[in-house]
>>> print(open('coords-v6.pdb').read())   # PDB, C-alpha atoms
MODEL        1
ATOM      1  CA  MET A   1     100.928  96.626  71.779
ATOM      2  CA  LYS A   2     101.349  93.165  73.302
ATOM      3  CA  THR A   3      98.773  91.895  75.792
ATOM      4  CA  ILE A   4      99.858  92.443  79.383
ATOM      5  CA  ASN A   5      98.136  91.424  82.625
ATOM      6  CA  ASN A   6      96.328  94.608  83.680
ATOM      7  CA  GLU A   7      96.947  93.802  87.359
ATOM      8  CA  TYR A   8     100.583  94.884  86.896
ATOM      9  CA  VAL A   9      99.865  98.011  84.842
ATOM     10  CA  LEU A  10      99.554 101.473  86.355
ATOM     11  CA  HIS A  11      97.323 103.818  84.304
ATOM     12  CA  LEU A  12      98.195 107.512  84.544
ATOM     13  CA  SER A  13      97.142 110.592  82.622
ATOM     14  CA  VAL A  14      99.850 113.137  81.848
ATOM     15  CA  THR A  15     100.161 116.522  80.191
ATOM     16  CA  LYS A  16     100.890 116.795  76.494
ATOM     17  CA  GLU A  17     104.457 117.917  77.210
ATOM     18  CA  ARG A  18     105.111 115.109  79.692
ATOM     19  CA  PHE A  19     103.634 112.563  77.288
ATOM     20  CA  ALA A  20     106.130 113.667  74.613
ATOM     21  CA  GLU A  21     109.051 113.355  77.073
ATOM     22  CA  ILE A  22     107.983 109.819  78.054
ATOM     23  CA  LEU A  23     107.370 108.750  74.459
ATOM     24  CA  ASN A  24     110.797 110.049  73.387
ATOM     25  CA  GLY A  25     112.566 108.327  76.308
ATOM     26  CA  LYS A  26     113.619 111.625  77.901
ATOM     27  CA  ALA A  27     111.699 111.149  81.158
ATOM     28  CA  GLU A  28     113.666 109.216  83.799
ATOM     29  CA  TYR A  29     110.802 108.886  86.275
ATOM     30  CA  GLU A  30     107.217 109.804  87.033
ATOM     31  CA  GLU A  31     106.182 110.916  90.521
ATOM     32  CA  ARG A  32     102.761 111.067  92.140
ATOM     33  CA  ASP A  33     101.529 112.119  95.558
ATOM     34  CA  ILE A  34     100.370 108.904  97.256
ATOM     35  CA  SER A  35      97.375 110.712  98.799
ATOM     36  CA  GLU A  36      96.113 111.619  95.307
ATOM     37  CA  ASP A  37      94.608 108.129  94.908
ATOM     38  CA  PRO A  38      96.011 105.680  97.515
ATOM     39  CA  LYS A  39      94.097 102.670  96.184
ATOM     40  CA  LYS A  40      95.854 103.110  92.849
ATOM     41  CA  PHE A  41      99.318 102.841  94.417
ATOM     42  CA  ILE A  42      99.067 100.703  97.588
ATOM     43  CA  LEU A  43      98.522  96.928  97.658
ATOM     44  CA  ARG A  44      95.221  95.852  99.268
ATOM     45  CA  ASP A  45      94.267  92.576 100.911
ATOM     46  CA  GLU A  46      91.083  90.546 100.444
ATOM     47  CA  ASP A  47      89.255  92.900 102.869
ATOM     48  CA  ASP A  48      90.276  95.898 100.725
ATOM     49  CA  SER A  49      92.590  97.144 103.505
ATOM     50  CA  PHE A  50      96.064  98.447 102.743
ATOM     51  CA  VAL A  51      98.774  95.831 103.312
ATOM     52  CA  ILE A  52     101.244  96.891 106.011
ATOM     53  CA  ASN A  53     104.941  96.428 105.290
ATOM     54  CA  ALA A  54     105.908  94.253 108.294
ATOM     55  CA  GLU A  55     109.621  94.882 107.595
ATOM     56  CA  VAL A  56     109.273  98.538 108.603
ATOM     57  CA  ALA A  57     105.969  98.851 110.507
ATOM     58  CA  ASP A  58     104.186  96.914 113.224
ATOM     59  CA  PRO A  59     101.258  95.071 111.564
ATOM     60  CA  ARG A  60      99.391  94.940 114.902
ATOM     61  CA  LYS A  61      99.076  98.733 114.949
ATOM     62  CA  GLU A  62      97.020 101.044 112.810
ATOM     63  CA  HIS A  63      98.985 103.148 110.308
ATOM     64  CA  ALA A  64      98.170 106.137 108.110
ATOM     65  CA  ILE A  65      99.399 107.044 104.629
ATOM     66  CA  SER A  66     100.662 110.331 106.086
ATOM     67  CA  GLU A  67     102.767 108.574 108.732
ATOM     68  CA  TYR A  68     106.505 109.363 108.532
ATOM     69  CA  ASN A  69     107.477 106.114 110.303
ATOM     70  CA  SER A  70     111.165 107.093 110.696
ATOM     71  CA  GLY A  71     111.425 107.649 106.938
ATOM     72  CA  SER A  72     109.960 104.300 105.842
ATOM     73  CA  PHE A  73     106.576 104.163 104.142
ATOM     74  CA  PRO A  74     104.444 101.801 106.300
ATOM     75  CA  PHE A  75     102.547 100.082 103.458
ATOM     76  CA  VAL A  76     103.369  97.736 100.580
ATOM     77  CA  LEU A  77     103.126  99.279  97.131
ATOM     78  CA  ARG A  78     101.185  97.608  94.345
ATOM     79  CA  PRO A  79     103.530  95.504  92.195
ATOM     80  CA  VAL A  80     103.799  97.459  88.953
ATOM     81  CA  VAL A  81     105.719  96.189  85.940
ATOM     82  CA  TYR A  82     104.422  98.675  83.362
ATOM     83  CA  ALA A  83     102.951 102.153  83.318
ATOM     84  CA  ARG A  84     100.441 103.176  80.677
ATOM     85  CA  PHE A  85     100.548 106.941  80.199
ATOM     86  CA  PHE A  86      97.694 108.375  78.199
ATOM     87  CA  ARG A  87      96.443 111.489  76.491
ATOM     88  CA  THR A  88      93.106 111.903  74.771
ATOM     89  CA  LYS A  89      93.602 109.403  71.911
ATOM     90  CA  THR A  90      97.100 108.027  72.441
ATOM     91  CA  ALA A  91      98.749 105.866  75.085
ATOM     92  CA  VAL A  92     102.324 104.739  75.627
ATOM     93  CA  MET A  93     103.298 101.660  77.659
ATOM     94  CA  VAL A  94     106.619 101.862  79.517
ATOM     95  CA  GLU A  95     108.499  99.314  81.632
ATOM     96  CA  ILE A  96     108.997 100.252  85.282
ATOM     97  CA  ASP A  97     112.592  99.608  86.368
ATOM     98  CA  ARG A  98     112.227 100.503  90.031
ATOM     99  CA  ILE A  99     109.776 102.037  92.493
ATOM    100  CA  GLU A 100     110.690 104.132  95.520
ATOM    101  CA  MET A 101     108.902 106.188  98.133
ATOM    102  CA  ILE A 102     110.127 109.696  98.883
ATOM    103  CA  PRO A 103     108.992 111.626 101.965
ATOM    104  CA  ARG A 104     108.221 115.265 101.194
ATOM    105  CA  PHE A 105     107.124 117.983 103.570
ATOM    106  CA  VAL A 106     107.994 116.121 106.783
ATOM    107  CA  SER A 107     106.321 117.645 109.871
ATOM    108  CA  PHE A 108     108.507 119.434 112.403
ATOM    109  CA  ASP A 109     107.965 116.598 114.918
ATOM    110  CA  ASN A 110     108.858 113.878 112.345
ATOM    111  CA  LEU A 111     105.483 112.173 112.787
ATOM    112  CA  PHE A 112     103.871 112.978 109.436
ATOM    113  CA  ALA A 113     104.934 113.359 105.822
ATOM    114  CA  THR A 114     103.560 113.822 102.356
ATOM    115  CA  TRP A 115     104.756 110.752 100.443
ATOM    116  CA  MET A 116     105.616 110.701  96.753
ATOM    117  CA  VAL A 117     105.820 107.438  94.822
ATOM    118  CA  ARG A 118     108.527 107.578  92.145
ATOM    119  CA  TYR A 119     108.376 105.171  89.213
ATOM    120  CA  HIS A 120     111.715 104.898  87.403
ATOM    121  CA  LEU A 121     110.914 104.492  83.736
ATOM    122  CA  GLY A 122     112.524 101.928  81.454
ATOM    123  CA  ARG A 123     112.055 101.359  77.766
ATOM    124  CA  VAL A 124     108.913 102.115  75.792
ATOM    125  CA  VAL A 125     107.249  98.795  74.926
ATOM    126  CA  GLY A 126     104.312 100.042  72.875
ATOM    127  CA  VAL A 127     102.205 102.908  71.576
ATOM    128  CA  GLU A 128      98.452 102.733  71.091
ATOM    129  CA  THR A 129      96.325 105.149  69.064
ATOM    130  CA  LYS A 130      92.521 105.184  68.933
TER
ENDMDL
END
>>> encode(input="coords-v6.pdb", output="structure tokens")
Amino acid sequence: MKTINNEYVLHLSVTKERFAEILNGKAEYEERDISEDPKKFILRDEDDSFVINAEVADPRKEHAISEYNSGSFPFVLRPVVYARFFRTKTAVMVEIDRIEMIPRFVSFDNLFATWMVRYHLGRVVGVETK
């Protein structure tokens, strides 16, 4: 597998079945709940704070990862070019074509949501076995 700057690689564990789908190019995307590990998915500044997306949220205000924000996620996602999916002794590196945020379980008052980050998968660029 070619050497890639780890800053742009997302490392995710998957089930055996999902690993096979990704390896065989049958998986179109991978989704994760943003609250599962926010620091893995959201860009942070030099103070280790989440970077607010000034195009959709007021940077002078405090925001939460559960904020619905009229359907726009209020933070900037980490720039990810590749995803490394791994099982016990094998990993597959896949290009990321596109990233989107999907609000799930929006509260009745439209103030809160559970956000899913969806990584659209491209071609497999390498397989690594230990």
>>> closest_residue(input="coords-v6.pdb", among="A:Glu55, A:Glu62, A:Glu95, A:Glu67", to="A:Tyr8", atoms="only C-alpha atoms")
A:Glu95
>>> residues_around(input="coords-v6.pdb", residues="stretch 35-45 of chain A", least_positions_apart="2", cutoff="6 Å", atoms="only C-alpha atoms", output="ChimeraX atom specification")
/A:33,47-51,76-78
>>> resolve_selection(input="coords-v6.pdb", expression="the PyMOL selection byres ((chain A and resi 121) around 6)", output="PDB file with C-alpha atoms, keeping the file's coordinate frame")
ATOM      1  CA  GLU A  28     113.666 109.216  83.799  1.00  0.00           C
ATOM      2  CA  TYR A  29     110.802 108.886  86.275  1.00  0.00           C
ATOM      3  CA  ILE A  96     108.997 100.252  85.282  1.00  0.00           C
ATOM      4  CA  ASP A  97     112.592  99.608  86.368  1.00  0.00           C
ATOM      5  CA  HIS A 120     111.715 104.898  87.403  1.00  0.00           C
ATOM      6  CA  GLY A 122     112.524 101.928  81.454  1.00  0.00           C
TER       7      GLY A 122
END
>>> resolve_selection(input="coords-v6.pdb", expression="the PyMOL selection byres ((chain A and resi 13) around 10)", output="PyMOL selection string")
chain A and resi 11-12+14-16+18-19+84-88+91
>>> atom_distance(input="coords-v6.pdb", atom1="atom CA of A:Arg98", atom2="atom CA of A:Asn110")
26.2 Å
>>> atom_distance(input="coords-v6.pdb", atom1="atom CA of A:Pro79", atom2="atom CA of A:Val94")
14.5 Å
>>> axis_aligned_box(input="coords-v6.pdb", around="stretch 65-77 of chain A", padding_each_side="5 Å", output="JSON")
{"center_x": 105.4, "center_y": 104.0, "center_z": 103.9, "size_x": 22.0, "size_y": 22.6, "size_z": 23.6}
>>> closest_residue(input="coords-v6.pdb", among="A:Val80, A:Leu23, A:Ile52, A:Ile65", to="A:Leu10", atoms="only C-alpha atoms")
A:Val80
>>> decode(input="coords-v6.pdb", residues="stretch 1-100 of chain A", atoms="C-alpha atoms", output="PDB file, in the first residue's frame")
ATOM      1  CA  MET A   1       0.000   0.000   0.000  1.00  0.00           C
ATOM      2  CA  LYS A   2       1.438   3.401  -0.918  1.00  0.00           C
ATOM      3  CA  THR A   3       2.400   5.828   1.845  1.00  0.00           C
ATOM      4  CA  ILE A   4      -0.335   8.359   2.546  1.00  0.00           C
ATOM      5  CA  ASN A   5      -0.363  11.300   4.968  1.00  0.00           C
ATOM      6  CA  ASN A   6      -2.187   9.900   8.006  1.00  0.00           C
ATOM      7  CA  GLU A   7      -3.782  13.301   8.681  1.00  0.00           C
ATOM      8  CA  TYR A   8      -6.168  12.666   5.764  1.00  0.00           C
ATOM      9  CA  VAL A   9      -6.956   9.035   6.609  1.00  0.00           C
ATOM     10  CA  LEU A  10      -9.970   7.977   8.650  1.00  0.00           C
ATOM     11  CA  HIS A  11      -9.438   4.675  10.520  1.00  0.00           C
ATOM     12  CA  LEU A  12     -12.585   2.624  11.122  1.00  0.00           C
ATOM     13  CA  SER A  13     -13.234  -0.912  12.289  1.00  0.00           C
ATOM     14  CA  VAL A  14     -16.011  -2.813  10.532  1.00  0.00           C
ATOM     15  CA  THR A  15     -17.704  -6.187  10.747  1.00  0.00           C
ATOM     16  CA  LYS A  16     -16.420  -9.116   8.737  1.00  0.00           C
ATOM     17  CA  GLU A  17     -19.389  -8.880   6.365  1.00  0.00           C
ATOM     18  CA  ARG A  18     -19.005  -5.130   5.854  1.00  0.00           C
ATOM     19  CA  PHE A  19     -15.268  -5.532   5.289  1.00  0.00           C
ATOM     20  CA  ALA A  20     -15.980  -8.006   2.463  1.00  0.00           C
ATOM     21  CA  GLU A  21     -18.489  -5.596   0.857  1.00  0.00           C
ATOM     22  CA  ILE A  22     -15.964  -2.729   0.965  1.00  0.00           C
ATOM     23  CA  LEU A  23     -13.105  -4.882  -0.316  1.00  0.00           C
ATOM     24  CA  ASN A  24     -15.233  -6.145  -3.225  1.00  0.00           C
ATOM     25  CA  GLY A  25     -16.398  -2.620  -4.142  1.00  0.00           C
ATOM     26  CA  LYS A  26     -20.035  -3.362  -3.286  1.00  0.00           C
ATOM     27  CA  ALA A  27     -20.349  -0.774  -0.506  1.00  0.00           C
ATOM     28  CA  GLU A  28     -21.328   2.691  -1.776  1.00  0.00           C
ATOM     29  CA  TYR A  29     -20.869   4.482   1.544  1.00  0.00           C
ATOM     30  CA  GLU A  30     -20.052   4.088   5.210  1.00  0.00           C
ATOM     31  CA  GLU A  31     -22.042   5.949   7.866  1.00  0.00           C
ATOM     32  CA  ARG A  32     -21.204   6.717  11.479  1.00  0.00           C
ATOM     33  CA  ASP A  33     -23.017   8.540  14.254  1.00  0.00           C
ATOM     34  CA  ILE A  34     -21.028  11.744  14.835  1.00  0.00           C
ATOM     35  CA  SER A  35     -21.527  11.455  18.615  1.00  0.00           C
ATOM     36  CA  GLU A  36     -19.768   8.062  18.596  1.00  0.00           C
ATOM     37  CA  ASP A  37     -16.360   9.793  18.538  1.00  0.00           C
ATOM     38  CA  PRO A  38     -16.673  13.495  17.562  1.00  0.00           C
ATOM     39  CA  LYS A  39     -12.926  14.162  17.641  1.00  0.00           C
ATOM     40  CA  LYS A  40     -12.465  11.518  14.957  1.00  0.00           C
ATOM     41  CA  PHE A  41     -14.836  13.275  12.544  1.00  0.00           C
ATOM     42  CA  ILE A  42     -14.801  17.032  13.307  1.00  0.00           C
ATOM     43  CA  LEU A  43     -11.922  19.408  12.523  1.00  0.00           C
ATOM     44  CA  ARG A  44     -10.285  20.957  15.616  1.00  0.00           C
ATOM     45  CA  ASP A  45      -8.330  24.181  15.980  1.00  0.00           C
ATOM     46  CA  GLU A  46      -5.049  24.751  17.818  1.00  0.00           C
ATOM     47  CA  ASP A  47      -6.968  24.923  21.143  1.00  0.00           C
ATOM     48  CA  ASP A  48      -8.512  21.499  20.427  1.00  0.00           C
ATOM     49  CA  SER A  49     -11.957  23.102  19.991  1.00  0.00           C
ATOM     50  CA  PHE A  50     -14.265  22.080  17.168  1.00  0.00           C
ATOM     51  CA  VAL A  51     -14.113  24.468  14.205  1.00  0.00           C
ATOM     52  CA  ILE A  52     -17.468  26.145  13.541  1.00  0.00           C
ATOM     53  CA  ASN A  53     -18.678  26.294   9.947  1.00  0.00           C
ATOM     54  CA  ALA A  54     -19.158  30.080   9.592  1.00  0.00           C
ATOM     55  CA  GLU A  55     -21.150  29.558   6.363  1.00  0.00           C
ATOM     56  CA  VAL A  56     -24.028  27.985   8.299  1.00  0.00           C
ATOM     57  CA  ALA A  57     -23.506  28.882  11.981  1.00  0.00           C
ATOM     58  CA  ASP A  58     -22.598  31.993  13.934  1.00  0.00           C
ATOM     59  CA  PRO A  59     -18.982  31.558  15.140  1.00  0.00           C
ATOM     60  CA  ARG A  60     -19.603  33.996  18.023  1.00  0.00           C
ATOM     61  CA  LYS A  61     -22.113  31.603  19.592  1.00  0.00           C
ATOM     62  CA  GLU A  62     -21.603  28.274  21.266  1.00  0.00           C
ATOM     63  CA  HIS A  63     -22.827  25.243  19.300  1.00  0.00           C
ATOM     64  CA  ALA A  64     -23.397  21.578  20.124  1.00  0.00           C
ATOM     65  CA  ILE A  65     -22.920  18.470  17.988  1.00  0.00           C
ATOM     66  CA  SER A  66     -26.590  17.654  18.607  1.00  0.00           C
ATOM     67  CA  GLU A  67     -27.766  21.027  17.282  1.00  0.00           C
ATOM     68  CA  TYR A  68     -30.131  20.790  14.285  1.00  0.00           C
ATOM     69  CA  ASN A  69     -29.247  24.309  13.069  1.00  0.00           C
ATOM     70  CA  SER A  70     -32.016  24.401  10.417  1.00  0.00           C
ATOM     71  CA  GLY A  71     -30.658  21.194   8.877  1.00  0.00           C
ATOM     72  CA  SER A  72     -27.022  22.304   8.554  1.00  0.00           C
ATOM     73  CA  PHE A  73     -24.342  20.710  10.708  1.00  0.00           C
ATOM     74  CA  PRO A  74     -22.680  23.622  12.591  1.00  0.00           C
ATOM     75  CA  PHE A  75     -19.086  22.315  12.486  1.00  0.00           C
ATOM     76  CA  VAL A  76     -16.431  21.678   9.840  1.00  0.00           C
ATOM     77  CA  LEU A  77     -15.659  18.030   9.186  1.00  0.00           C
ATOM     78  CA  ARG A  78     -12.104  16.731   9.157  1.00  0.00           C
ATOM     79  CA  PRO A  79     -10.761  16.668   5.588  1.00  0.00           C
ATOM     80  CA  VAL A  80     -10.642  12.975   4.720  1.00  0.00           C
ATOM     81  CA  VAL A  81      -9.233  11.677   1.448  1.00  0.00           C
ATOM     82  CA  TYR A  82      -9.015   7.985   2.359  1.00  0.00           C
ATOM     83  CA  ALA A  83     -10.666   5.593   4.770  1.00  0.00           C
ATOM     84  CA  ARG A  84      -8.775   2.642   6.194  1.00  0.00           C
ATOM     85  CA  PHE A  85     -11.218  -0.090   7.183  1.00  0.00           C
ATOM     86  CA  PHE A  86      -9.757  -2.847   9.297  1.00  0.00           C
ATOM     87  CA  ARG A  87     -10.435  -6.262  10.730  1.00  0.00           C
ATOM     88  CA  THR A  88      -8.155  -8.214  13.022  1.00  0.00           C
ATOM     89  CA  LYS A  89      -5.233  -8.776  10.609  1.00  0.00           C
ATOM     90  CA  THR A  90      -6.330  -7.113   7.377  1.00  0.00           C
ATOM     91  CA  ALA A  91      -6.988  -3.536   6.302  1.00  0.00           C
ATOM     92  CA  VAL A  92      -8.304  -2.013   3.095  1.00  0.00           C
ATOM     93  CA  MET A  93      -7.670   1.599   2.039  1.00  0.00           C
ATOM     94  CA  VAL A  94     -10.442   3.265   0.024  1.00  0.00           C
ATOM     95  CA  GLU A  95     -10.684   6.706  -1.590  1.00  0.00           C
ATOM     96  CA  ILE A  96     -13.419   8.970  -0.234  1.00  0.00           C
ATOM     97  CA  ASP A  97     -15.355  10.609  -3.078  1.00  0.00           C
ATOM     98  CA  ARG A  98     -17.625  12.816  -0.996  1.00  0.00           C
ATOM     99  CA  ILE A  99     -18.671  13.465   2.595  1.00  0.00           C
ATOM    100  CA  GLU A 100     -22.116  14.568   3.738  1.00  0.00           C
TER     101      GLU A 100
END
